[in-house]
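*Asks:* Handing you a structure now.
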Amino acid sequence: MKNISRVATAALGLGLAALSAPSKAEEGAGFEPCYLSGLKEKVKCTSFDVPLDYANPESGTITVHATIVPALSSNPAEDPFFVFAGGPGQAAGDYGMLVRLAFDPIRTKRDIVLLDQRGTGRSSGVRCDGDQLPETLEEMSAIAAQCRENAPMDVRFITMENVVRDAEEVRAHLGYPALNLWGGSYGTRTVALYLRRYPERVRSIIVDGVLPPDVSLFETAPASAERAKHMIAEDCAQSPACAERFPNFEADVDALMAKAKEGGLKFEGHDPLSGEPLEMTMMFGFVVEALRGSFYTADNTTYVPLVVDKAMNGDLAPLVASLFSGTAVSDTMYLGATYSLLCGDEVPRLSDEQALKAAEGSFAGDSYYQYWSAGCKGWTSEPAMADALTPISSDVPALVLSGNLDPVTPPSMGEHFVQGFPNGRHIIVPGTGHNTGHIACMPEVMKQFVETLDVNALDESCFTHLKRLPLAVGINGNVK
């Protein structure tokens with residue numbers, strides 16, 4: 001049976017001259033040629049040992065892995081573009097496609113450094129793979145406990161503090177005097193903490209889909225999802241075809257959630273990915289994630305009203321397909337790192353009562369919190385340092401990016417974050433969901449920012465034409 005325990009994470013993706021031009025990193029580090037999925041050419045890989053527990057160096061070591069995509073220039077800048085993956089639980093070493101789509105202009109003058117954070121990728125990645133389908137919160141706790149027991153490292157030491165210590169070790173090991181930091185989604189938390197701990201080593205930051213350190217993910221997630229759903233309803237109301245076909249979209253969502261709570265959504269058919277026979281009950285949390293996960297990208301949102309309508313009329317196949325499509329993202333997740341960071345930094349911020357109250361008025365309820373809280377009962381994690389979850393401010397140049405349709409880190413979070421950066425600018429990209437770096441002219445905007453550090457000179461006019469694609473009213477799009 002298909003493993004969909006990771007679906008809820010779909011929480012926060014050249015030339016030969018690169019090999020002939022020596023980069024700053026090559027001067028003092030040992031490299032091996034390697035390949036990066038998404039790029040055709042060879043790049044450079046290195047790994048080395050760091051303390052498992054920095055507070056107790058005698059505790060042993062862990063090997064961390066970094067990939068360097070060398071600058072194309074024969075005289076590269078000494079400060080690279082350092083990428084922190086999101087998730088939490090993704091490995092930056094899997095971001096080859098993002099390098100090609102979003103960072104290639106920056107690479108003209110700078111190395112791109114991709115660090116597999118501890119617990120991910122080739123830095124002792126903790127996968128938590130399995131074929132179990134957790135139908136209760138108790139089963140979720142048991143699956144997490146089994147993963148913890150089978151992990152290749154002591155998961156207590158997968159903490160954000162240790163991640164940024166590792167990053168600083170990587171910077172020193174590669175010989176870079178300063179870094180330009182990029183973080184997407186939960187990686188924005190990593191950027192904030194590195195800046196807090198090592199401000200003298202940061203030249204600039206770009207945060208895309210920012211989760212401010214003083215904002216609780218699980219407290220805000222229900223309202224953020226409700227906002228994204230309501231924006232679909234508003235767009236549908238403004239489209240004659242959609243308004244006629246789905247006049248009661250939001251009421252239908254509420255009715256669908258009520259059916260799920262009653263256990264009335266029974267699916268019998270085929271796994272949409274493997275084609276194997278599949279029987280399952282679409283529980284409340286599964287339906288929430290099928291919809292919420294679809295909100296992440298603007299393209300997927302176009303079919304949400306149709307998916308809801310078909311489910312209300314007894315055809316659950318599109319809804320199940322929406323849920324299982326999250327496995328395409330979860331296949332890149334290292335759930336051990338996800339558990340360690342969420343269980344250490346996020347879940348403890350709320351009590352069950354507070355989470356329930358924060359969910360009032362949202363179709364999503366508190367299912368997102370309950371899902372991860374259950375997993376944390378089977379996990380072992382360390383709490384965040386007291387100052388790590390407080391507001392951050394800095395004079396470092398900062399480019400803050402938000403998609404206006406983002407269902408988990410909406411523009412209000414970007415606006416909140418940028419208030420602490422007098423040399424910062426917040427750009428909201430219309431018609432865009434979670435993460436914007438590859439959209440339209442954003443790669444060139446980011447390049448200009450990194451090269452000049454002048455946020456006031458950036459031109460947003462290249463985004464004004466963007467909007468959500470028309471909402472589909474039939475399986476062939478706008479054809480009924």
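Letters A, B, ... mark the chains of the structure tokens in the order given; residue numbers begin at 1 per chain; ligand numbers begin at 1, in order shown.
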If you count only C-alpha atoms, which residues fall within 7 Å of Pro318 of chain A, apart from same-chain ones fewer than 3 positions away, as a PyMOL selection string?

*Replies:* chain A and resi 307+321-322

*Asks:* Can you list every residue in segment 249-324 of chain A that DSSP puts in helix (DSSP H, G or I), as a ChimeraX atom specification?

*Replies:* /A:249-261,284-294,298-301,304-312,317-324

*Asks:* Output N, CA and C atoms for every residue in the selection just made, as a CSV table (one decimal), in the first residue's frame.

*Replies:*
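As a result, result.csv now contains:
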chain,number,residue,atom,x,y,z
A,249,PHE,N,-18.9,27.0,-3.9
A,249,PHE,CA,-17.6,26.3,-3.7
A,249,PHE,C,-17.2,26.2,-2.2
A,250,GLU,N,-17.3,27.3,-1.5
A,250,GLU,CA,-16.8,27.3,-0.1
A,250,GLU,C,-17.8,26.4,0.7
A,251,ALA,N,-19.1,26.5,0.5
A,251,ALA,CA,-20.0,25.7,1.2
A,251,ALA,C,-19.8,24.2,0.9
A,252,ASP,N,-19.4,23.9,-0.3
A,252,ASP,CA,-19.1,22.5,-0.7
A,252,ASP,C,-17.9,22.0,0.0
A,253,VAL,N,-16.9,22.9,0.2
A,253,VAL,CA,-15.7,22.5,0.9
A,253,VAL,C,-16.1,22.1,2.4
A,254,ASP,N,-16.9,22.9,3.0
A,254,ASP,CA,-17.4,22.7,4.3
A,254,ASP,C,-18.2,21.4,4.4
A,255,ALA,N,-19.0,21.1,3.4
A,255,ALA,CA,-19.8,19.9,3.4
A,255,ALA,C,-18.9,18.7,3.2
A,256,LEU,N,-17.9,18.8,2.4
A,256,LEU,CA,-17.0,17.7,2.2
A,256,LEU,C,-16.2,17.4,3.4
A,257,MET,N,-15.8,18.4,4.2
A,257,MET,CA,-15.0,18.2,5.4
A,257,MET,C,-15.9,17.5,6.4
A,258,ALA,N,-17.2,17.9,6.5
A,258,ALA,CA,-18.2,17.2,7.4
A,258,ALA,C,-18.3,15.8,7.1
A,259,LYS,N,-18.4,15.4,5.8
A,259,LYS,CA,-18.4,14.0,5.4
A,259,LYS,C,-17.2,13.3,5.8
A,260,ALA,N,-16.0,13.9,5.7
A,260,ALA,CA,-14.8,13.3,6.1
A,260,ALA,C,-14.8,13.0,7.6
A,261,LYS,N,-15.3,13.9,8.4
A,261,LYS,CA,-15.3,13.8,9.8
A,261,LYS,C,-16.2,12.6,10.2
A,284,PHE,N,-10.5,13.0,7.6
A,284,PHE,CA,-10.5,14.4,7.6
A,284,PHE,C,-9.1,15.0,7.3
A,285,GLY,N,-8.1,14.5,8.0
A,285,GLY,CA,-6.7,15.0,7.7
A,285,GLY,C,-6.2,14.8,6.3
A,286,PHE,N,-6.6,13.7,5.7
A,286,PHE,CA,-6.2,13.4,4.4
A,286,PHE,C,-6.9,14.4,3.4
A,287,VAL,N,-8.2,14.7,3.6
A,287,VAL,CA,-8.9,15.6,2.8
A,287,VAL,C,-8.3,17.0,2.9
A,288,VAL,N,-8.0,17.4,4.1
A,288,VAL,CA,-7.3,18.7,4.3
A,288,VAL,C,-6.0,18.8,3.5
A,289,GLU,N,-5.2,17.7,3.6
A,289,GLU,CA,-3.9,17.8,2.9
A,289,GLU,C,-4.0,17.7,1.4
A,290,ALA,N,-5.1,17.0,0.9
A,290,ALA,CA,-5.3,16.9,-0.5
A,290,ALA,C,-5.6,18.3,-1.0
A,291,LEU,N,-6.4,19.1,-0.3
A,291,LEU,CA,-6.7,20.4,-0.7
A,291,LEU,C,-5.5,21.4,-0.4
A,292,ARG,N,-5.1,21.4,0.8
A,292,ARG,CA,-4.0,22.3,1.2
A,292,ARG,C,-2.8,22.1,0.3
A,293,GLY,N,-2.4,20.9,0.1
A,293,GLY,CA,-1.3,20.6,-0.8
A,293,GLY,C,-1.4,21.1,-2.2
A,294,SER,N,-2.7,21.1,-2.7
A,294,SER,CA,-3.0,21.7,-4.0
A,294,SER,C,-2.8,23.2,-4.1
A,298,ALA,N,0.3,27.6,-8.0
A,298,ALA,CA,-0.9,28.2,-8.7
A,298,ALA,C,-1.5,27.3,-9.7
A,299,ASP,N,-0.7,26.5,-10.4
A,299,ASP,CA,-1.3,25.7,-11.5
A,299,ASP,C,-2.2,24.6,-10.9
A,300,ASN,N,-1.9,24.1,-9.7
A,300,ASN,CA,-2.7,23.0,-9.1
A,300,ASN,C,-4.0,23.6,-8.6
A,301,THR,N,-4.0,24.9,-8.2
A,301,THR,CA,-5.2,25.5,-7.6
A,301,THR,C,-6.3,25.6,-8.6
A,304,VAL,N,-9.0,22.9,-8.1
A,304,VAL,CA,-9.6,22.6,-6.8
A,304,VAL,C,-11.1,22.6,-6.8
A,305,PRO,N,-11.7,23.6,-7.3
A,305,PRO,CA,-13.2,23.6,-7.3
A,305,PRO,C,-13.8,22.4,-8.0
A,306,LEU,N,-13.2,22.0,-9.1
A,306,LEU,CA,-13.6,20.8,-9.8
A,306,LEU,C,-13.5,19.5,-9.0
A,307,VAL,N,-12.3,19.4,-8.3
A,307,VAL,CA,-12.0,18.2,-7.5
A,307,VAL,C,-13.0,18.1,-6.4
A,308,VAL,N,-13.3,19.3,-5.7
A,308,VAL,CA,-14.3,19.3,-4.6
A,308,VAL,C,-15.7,18.9,-5.1
A,309,ASP,N,-16.1,19.5,-6.3
A,309,ASP,CA,-17.4,19.1,-6.9
A,309,ASP,C,-17.5,17.7,-7.2
A,310,LYS,N,-16.5,17.1,-7.8
A,310,LYS,CA,-16.6,15.6,-8.1
A,310,LYS,C,-16.7,14.8,-6.8
A,311,ALA,N,-15.9,15.2,-5.8
A,311,ALA,CA,-15.9,14.4,-4.5
A,311,ALA,C,-17.3,14.5,-3.9
A,312,MET,N,-17.9,15.7,-4.0
A,312,MET,CA,-19.3,15.8,-3.4
A,312,MET,C,-20.3,15.0,-4.2
A,317,ALA,N,-11.9,9.9,-7.0
A,317,ALA,CA,-10.6,9.6,-7.6
A,317,ALA,C,-9.7,10.9,-7.8
A,318,PRO,N,-10.3,12.1,-8.2
A,318,PRO,CA,-9.5,13.3,-8.3
A,318,PRO,C,-8.9,13.7,-6.9
A,319,LEU,N,-9.8,13.5,-5.9
A,319,LEU,CA,-9.3,13.9,-4.5
A,319,LEU,C,-8.2,13.1,-4.1
A,320,VAL,N,-8.3,11.8,-4.3
A,320,VAL,CA,-7.2,10.8,-3.9
A,320,VAL,C,-5.9,11.1,-4.7
A,321,ALA,N,-6.1,11.5,-6.0
A,321,ALA,CA,-5.0,11.8,-6.8
A,321,ALA,C,-4.3,13.1,-6.3
A,322,SER,N,-5.1,14.0,-5.8
A,322,SER,CA,-4.5,15.2,-5.3
A,322,SER,C,-3.7,14.9,-4.0
A,323,LEU,N,-4.2,14.0,-3.2
A,323,LEU,CA,-3.5,13.6,-2.0
A,323,LEU,C,-2.2,12.9,-2.4
A,324,PHE,N,-2.2,12.0,-3.3
A,324,PHE,CA,-1.1,11.2,-3.6
A,324,PHE,C,0.0,11.9,-4.4

*Asks:* Near Ser340 of chain A, within 8 Å and counting only C-alpha atoms, which residues show up once chain neighbours fewer than 5 positions away are dropped, as a ChimeraX atom specification?

*Replies:* /A:155-156,158-159,379-382

*Asks:* Can you spit out the residues from that selection as an mmCIF file, in the first residue's frame, using C-alpha atoms?

*Replies:*
data_model
loop_
_atom_site.group_PDB
_atom_site.id
_atom_site.type_symbol
_atom_site.label_atom_id
_atom_site.label_comp_id
_atom_site.auth_asym_id
_atom_site.auth_seq_id
_atom_site.Cartn_x
_atom_site.Cartn_y
_atom_site.Cartn_z
ATOM 1 C CA VAL A 155 18.235 12.145 16.006
ATOM 2 C CA ARG A 156 18.462 14.330 19.126
ATOM 3 C CA ILE A 158 19.396 17.134 14.346
ATOM 4 C CA THR A 159 18.753 20.656 15.594
ATOM 5 C CA TRP A 379 10.269 11.031 18.508
ATOM 6 C CA THR A 380 13.112 12.441 20.585
ATOM 7 C CA SER A 381 14.090 16.054 20.009
ATOM 8 C CA GLU A 382 15.822 18.982 21.642
#

*Asks:* Could the residues of segment 147-239 of chain A that have an atom at most 7 Å from segment 114-134 of chain A be listed as a Markdown table, each with its closest atom pair and the distance in Å to one decimal, counting only C-alpha atoms and ordered by chain and ascending residue number?

*Replies:*
| residue | atom | partner | partner_atom | distance |
| --- | --- | --- | --- | --- |
| A:Cys147 | CA | A:Cys128 | CA | 5.1 |
| A:Ala151 | CA | A:Val126 | CA | 5.8 |
| A:Pro152 | CA | A:Ser124 | CA | 6.5 |
| A:Met153 | CA | A:Ser124 | CA | 6.9 |
| A:Ile158 | CA | A:Gly119 | CA | 6.3 |
| A:Val163 | CA | A:Gln117 | CA | 6.0 |

*Asks:* Which value, in Å to one decimal, gives the distance between atom CA of Asp406 of chain A and atom CA of Thr464 of chain A?

*Replies:*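 A separation of 17.1 Å between them.
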
*Asks:* Please provide as a ChimeraX atom specification all residues within 7 Å of segment 73-88 of chain A, with the sequence filter that same-chain residues fewer than 5 positions apart are discarded (counting only C-alpha atoms).

*Replies:* /A:9,11-12,21,23-24,108-115,176-187,190,337-338,341

*Asks:* List as a PDB file with N, CA and C atoms, in the first residue's frame the protein and nucleic acid residues near Leu466 of chain A, meaning an atom at most 10 Å away when only C-alpha atoms are counted, but skip any in the same chain fewer than 3 places from it.

*Replies:*
ATOM      1  N   VAL A 429       4.784  38.556  -5.439  1.00  0.00           N
ATOM      2  CA  VAL A 429       4.604  38.154  -6.832  1.00  0.00           C
ATOM      3  C   VAL A 429       3.165  37.687  -7.031  1.00  0.00           C
ATOM      4  N   PRO A 430       2.393  38.372  -7.878  1.00  0.00           N
ATOM      5  CA  PRO A 430       0.989  37.985  -8.077  1.00  0.00           C
ATOM      6  C   PRO A 430       0.860  36.663  -8.823  1.00  0.00           C
ATOM      7  N   GLY A 431      -0.262  36.004  -8.587  1.00  0.00           N
ATOM      8  CA  GLY A 431      -0.557  34.771  -9.303  1.00  0.00           C
ATOM      9  C   GLY A 431       0.372  33.629  -8.982  1.00  0.00           C
ATOM     10  N   THR A 432       1.026  33.682  -7.829  1.00  0.00           N
ATOM     11  CA  THR A 432       2.087  32.731  -7.488  1.00  0.00           C
ATOM     12  C   THR A 432       1.854  32.156  -6.102  1.00  0.00           C
ATOM     13  N   ILE A 439      10.092  32.209 -10.936  1.00  0.00           N
ATOM     14  CA  ILE A 439       8.963  32.799 -11.637  1.00  0.00           C
ATOM     15  C   ILE A 439       9.396  34.009 -12.466  1.00  0.00           C
ATOM     16  N   ALA A 440       9.000  34.018 -13.735  1.00  0.00           N
ATOM     17  CA  ALA A 440       9.179  35.175 -14.626  1.00  0.00           C
ATOM     18  C   ALA A 440      10.615  35.698 -14.546  1.00  0.00           C
ATOM     19  N   CYS A 462       8.161  43.754 -14.037  1.00  0.00           N
ATOM     20  CA  CYS A 462       8.119  42.534 -14.839  1.00  0.00           C
ATOM     21  C   CYS A 462       7.187  41.483 -14.252  1.00  0.00           C
ATOM     22  N   PHE A 463       6.593  41.747 -13.065  1.00  0.00           N
ATOM     23  CA  PHE A 463       5.662  40.803 -12.456  1.00  0.00           C
ATOM     24  C   PHE A 463       4.208  41.230 -12.603  1.00  0.00           C
ATOM     25  N   LEU A 469      -3.959  31.325 -13.300  1.00  0.00           N
ATOM     26  CA  LEU A 469      -4.564  30.804 -14.511  1.00  0.00           C
ATOM     27  C   LEU A 469      -6.066  30.621 -14.300  1.00  0.00           C
TER      28      LEU A 469
END

*Asks:* With distances taken over only C-alpha atoms, which of A:Met283, A:Met231, A:Ile205, A:Leu316 is nearest to Glu268 of chain A?

*Replies:*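 The shortest atom-to-atom distance to Glu268 of chain A comes from A:Leu316.
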
*Asks:* Of the candidates A:Ser216, A:Arg425, A:Lys467, A:Glu161, which one gets nearest to Pro383 of chain A if we count only C-alpha atoms?

*Replies:*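 Checking each of A:Ser216, A:Arg425, A:Lys467, A:Glu161 against Pro383 of chain A, counting only C-alpha atoms, the winner is A:Glu161.
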
*Asks:* One number please: atom CA of Thr297 of chain A to atom CA of Ala228 of chain A, in Å, one decimal.

*Replies:*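 Computing the Euclidean distance for atom CA of Thr297 of chain A and atom CA of Ala228 of chain A yields 10.9 Å.
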
*Asks:* Out of segment 42-116 of chain A, which residues get strand (DSSP E) from DSSP, as a VMD selection string?

*Replies:* chain A and resid 42 to 51 61 to 69 81 to 84 112 to 116

*Asks:* Rounded to one decimal place, report the atom CA of Glu41 of chain A-atom CA of Gly96 of chain A distance in Å.

*Replies:*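 So the two atoms, atom CA of Glu41 of chain A and atom CA of Gly96 of chain A, lie 10.8 Å apart.
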
*Asks:* Of the candidates A:Met160, A:Ala71, A:Val408, A:Val450, which shows the shortest atom-to-atom distance to Ala221 of chain A, using only C-alpha atoms?

*Replies:*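 For Ala221 of chain A, the nearest of the given residues is A:Val408.
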
*Asks:* Counting only C-alpha atoms, which residue out of A:Leu98, A:Val400, A:Ala91, A:Leu350 sits closest to Ser373 of chain A?

*Replies:*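 Closest to Ser373 of chain A of all the choices is A:Leu350.
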
*Asks:* Excluding same-chain residues fewer than 3 positions from Phe218 of chain A, what lies within 8 Å of it counting only C-alpha atoms, as a PyMOL selection string?

*Replies:* chain A and resi 221-222+346-347+350+355+368-369
